[in-house]
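Below: one structure, written as structure tokens.
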Amino acid sequence: MKKQLLYHACLPENHEYHVPLTQIMEEGITPSTKSNYWYSNGGKVKKNIADKLRPTNAPDWLDFNSAIGVNIEKTVSKALCFPVFTDKIMVFDSEVSMLIYDQAFYDDNQYTFEEALDFDTGEAIEDLIQKYWERMMTLEDYLKEIPYKKPEILLFQLVPSNLIQVSE
């Protein structure tokens, strides 16, 4: 069986989340690596609510503040790639994650910006976060059944530079 690779975007120099390749090759990929902000992380949007609704089966190491966004397919022309080297990877449904972002924006801005009204999902933020947690699964389980077209894949371990290669 072919070894599963993970991909992390290597964004162009004119992109606000660009990180020089030299920095990646020195430091690896960490939660504070600027390119990580290009990825969604629905559990971090309203972290206090996510923590309150955290299921008992969520692993201790799962901390949305230490998550690194990755993909199982290359989605940009230039990407950093590395093999799966840890089991500290969880997959969430990115469609639910986007609803969390939208509803949080609505909840926070409905009385400030008229545009915020376009972001009301009609669902309570707590219900969306509960759904987000319910759809959580390991990468291994996700790859067996691929239940969502658009996965939000979060890696909860630093990626050492010696594992990273550039894929163009």
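Scheme for the structure tokens: letters A, B, ... for chains in order shown; per-chain residue numbers from 1; ligand numbers from 1 in order shown.
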For region 37-119 of chain A against region 17-23 of chain A, with a cut-off of 10 Å and counting only C-alpha atoms, what is the closest atom pair and its distance in Å to one decimal for every residue that makes the cut, ordered by chain and number, as JSON lines?
{"residue": "A:Tyr37", "atom": "CA", "partner": "A:Tyr17", "partner_atom": "CA", "distance": 6.9}
{"residue": "A:Trp38", "atom": "CA", "partner": "A:Tyr17", "partner_atom": "CA", "distance": 6.7}
{"residue": "A:Leu80", "atom": "CA", "partner": "A:Leu21", "partner_atom": "CA", "distance": 9.2}
Report task. If you run DSSP over the backbone, which residues in chain A end up alpha helix (DSSP H)? Put them as a ChimeraX atom specification. Result -> /A:21-27,42-45,47-52,94-109,125-134,139-145
Query raised in the report: Any idea what's packed within 8 Å of Ala124 (chain A), counting only C-alpha atoms, ignoring anything in its chain fewer than 3 positions away? Could you give it as an MDAnalysis selection string?
Result: chainID A and resid 103 127:128
Write a file of the selected residues as an mmCIF file, in the first residue's frame, keeping N, CA and C atoms.
data_model
loop_
_atom_site.group_PDB
_atom_site.id
_atom_site.type_symbol
_atom_site.label_atom_id
_atom_site.label_comp_id
_atom_site.auth_asym_id
_atom_site.auth_seq_id
_atom_site.Cartn_x
_atom_site.Cartn_y
_atom_site.Cartn_z
ATOM 1 N N GLN A 103 -21.690 31.568 11.504
ATOM 2 C CA GLN A 103 -22.584 31.865 12.622
ATOM 3 C C GLN A 103 -21.879 32.714 13.679
ATOM 4 N N ASP A 127 -25.095 24.269 18.719
ATOM 5 C CA ASP A 127 -25.526 23.114 17.917
ATOM 6 C C ASP A 127 -24.527 22.809 16.808
ATOM 7 N N LEU A 128 -23.996 23.851 16.195
ATOM 8 C CA LEU A 128 -23.000 23.647 15.136
ATOM 9 C C LEU A 128 -21.714 23.041 15.695
#
Query raised in the report: So which one's closest to Met90 (chain A), A:Gln4, A:Thr121, A:Gln110, A:Asn71? Using only C-alpha atoms, please.
Result: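 Closest to Met90 (chain A), using only C-alpha atoms: A:Asn71.
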Query - Residue with smallest distance to Leu5 (chain A) - pool A:Asp118, A:Glu140, A:Glu73, A:Asp107, counting only C-alpha atoms - result: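 Looking at the shortest contact to Leu5 (chain A), the residue is A:Glu73.
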**Report entry** Between CA of Glu27 (chain A) and CA of Cys81 (chain A), distance in Å (one decimal)
**Finding:**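 Separation of CA of Glu27 (chain A) and CA of Cys81 (chain A): 14.9 Å.
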Requested in this report: May I have the residues within 10 Å of Lys149 (chain A) as a ChimeraX atom specification, using only C-alpha atoms and disregarding those fewer than 6 positions away in the same chain?
Outcome: /A:93-95
Query raised in the report: If you count only C-alpha atoms, which residues fall within 12 Å of Lys47 (chain A), apart from same-chain ones fewer than 3 positions away, as a PyMOL selection string?
Result: chain A and resi 41-44+50-54+63-65+100-101+104+125-126+129
**Report entry** Members of chain A assigned strand (DSSP E) by DSSP, as a list in words
**Finding:**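 Selecting the strand (DSSP E) positions of chain A gives Leu5, Leu6, Tyr7, His8, Ala9, Ile68, Gly69, Val70, Ala79, Leu80, Cys81, Phe82, Pro83, Ile89, Met90, Val91, Phe92, Asp93, Met137, Thr138, Pro151, Glu152, Ile153, Leu154, Leu155, Gln165, Val166 and Ser167 of chain A.
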Report task. For Leu6 (chain A), list every protein, DNA or RNA residue within 10 Å, evaluated using only C-alpha atoms, and leave out those in the same chain fewer than 2 positions away; present the list as a PyMOL selection string. Result -> chain A and resi 3-4+8+69-74+79-85+153+155+164
Residues of the last selection are to be written out with N, CA and C atoms, as an mmCIF file, in the first residue's frame.
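Saved as again15.cif:
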data_model
loop_
_atom_site.group_PDB
_atom_site.id
_atom_site.type_symbol
_atom_site.label_atom_id
_atom_site.label_comp_id
_atom_site.auth_asym_id
_atom_site.auth_seq_id
_atom_site.Cartn_x
_atom_site.Cartn_y
_atom_site.Cartn_z
ATOM 1 N N LYS A 3 2.241 4.779 0.852
ATOM 2 C CA LYS A 3 2.252 5.575 2.088
ATOM 3 C C LYS A 3 1.498 6.882 1.866
ATOM 4 N N GLN A 4 0.583 7.187 2.771
ATOM 5 C CA GLN A 4 -0.210 8.417 2.687
ATOM 6 C C GLN A 4 0.671 9.628 2.939
ATOM 7 N N HIS A 8 0.803 20.676 2.942
ATOM 8 C CA HIS A 8 0.592 21.966 3.593
ATOM 9 C C HIS A 8 0.978 23.019 2.552
ATOM 10 N N GLY A 69 -3.037 22.830 9.977
ATOM 11 C CA GLY A 69 -3.903 22.414 8.880
ATOM 12 C C GLY A 69 -3.125 21.696 7.799
ATOM 13 N N VAL A 70 -3.682 20.595 7.315
ATOM 14 C CA VAL A 70 -3.073 19.821 6.234
ATOM 15 C C VAL A 70 -4.172 19.305 5.303
ATOM 16 N N ASN A 71 -3.725 18.809 4.154
ATOM 17 C CA ASN A 71 -4.627 18.176 3.190
ATOM 18 C C ASN A 71 -4.092 16.796 2.847
ATOM 19 N N ILE A 72 -4.977 15.932 2.351
ATOM 20 C CA ILE A 72 -4.532 14.604 1.897
ATOM 21 C C ILE A 72 -4.278 14.601 0.395
ATOM 22 N N GLU A 73 -4.618 15.713 -0.243
ATOM 23 C CA GLU A 73 -4.319 15.888 -1.656
ATOM 24 C C GLU A 73 -3.693 17.259 -1.825
ATOM 25 N N LYS A 74 -2.892 17.393 -2.850
ATOM 26 C CA LYS A 74 -2.264 18.679 -3.146
ATOM 27 C C LYS A 74 -3.333 19.596 -3.734
ATOM 28 N N ALA A 79 3.385 22.913 -2.860
ATOM 29 C CA ALA A 79 3.005 22.501 -1.505
ATOM 30 C C ALA A 79 4.185 21.836 -0.814
ATOM 31 N N LEU A 80 4.104 21.842 0.497
ATOM 32 C CA LEU A 80 5.056 21.099 1.319
ATOM 33 C C LEU A 80 4.408 19.743 1.555
ATOM 34 N N CYS A 81 5.156 18.680 1.396
ATOM 35 C CA CYS A 81 4.558 17.367 1.638
ATOM 36 C C CYS A 81 5.445 16.557 2.570
ATOM 37 N N PHE A 82 4.798 15.651 3.275
ATOM 38 C CA PHE A 82 5.502 14.795 4.227
ATOM 39 C C PHE A 82 4.621 13.583 4.497
ATOM 40 N N PRO A 83 5.242 12.466 4.890
ATOM 41 C CA PRO A 83 4.448 11.271 5.182
ATOM 42 C C PRO A 83 3.693 11.414 6.505
ATOM 43 N N VAL A 84 2.651 10.633 6.648
ATOM 44 C CA VAL A 84 1.958 10.559 7.934
ATOM 45 C C VAL A 84 2.962 9.952 8.915
ATOM 46 N N PHE A 85 3.312 10.692 9.941
ATOM 47 C CA PHE A 85 4.347 10.247 10.882
ATOM 48 C C PHE A 85 3.816 10.141 12.310
ATOM 49 N N ILE A 153 -8.634 18.747 7.994
ATOM 50 C CA ILE A 153 -7.686 17.822 8.611
ATOM 51 C C ILE A 153 -6.721 18.620 9.476
ATOM 52 N N LEU A 155 -3.594 18.417 12.245
ATOM 53 C CA LEU A 155 -2.468 17.650 12.771
ATOM 54 C C LEU A 155 -2.077 18.296 14.095
ATOM 55 N N ILE A 164 10.007 17.129 5.579
ATOM 56 C CA ILE A 164 9.318 17.975 4.596
ATOM 57 C C ILE A 164 10.051 18.009 3.264
#
Report task. Identify which of the residues A:Thr138, A:Pro59, A:Val166, A:Phe156 lies closest to Pro31 (chain A), counting only C-alpha atoms when measuring atom-to-atom distances. Result ->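 Using only C-alpha atoms, Pro31 (chain A) sits closest to A:Phe156.
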Report summary line: Taken to one decimal, the CA of Phe119 (chain A)-CA of Asn36 (chain A) distance is 24.0 Å
Report task. Find, counting only C-alpha atoms, the residue in A:Val45, A:Val76, A:Ile29, A:Met137 that gets nearest to Phe105 (chain A). Result ->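 Looking only at the distances to Phe105 (chain A), the closest residue turns out to be A:Val45.
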Report task. Can you work out the spacing between CA of Glu16 (chain A) and CA of Leu117 (chain A) in Å, to one decimal? Result ->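 Calculated distance between CA of Glu16 (chain A) and CA of Leu117 (chain A) is 27.3 Å.
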Requested in this report: Point out the residue among A:Ile68, A:Ala116, A:Met98, A:Ile49 with the least atom-to-atom distance to Ala9 (chain A), counting only C-alpha atoms.
Outcome: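 Once distances to Ala9 (chain A) are computed over only C-alpha atoms, the minimum belongs to A:Ile68.
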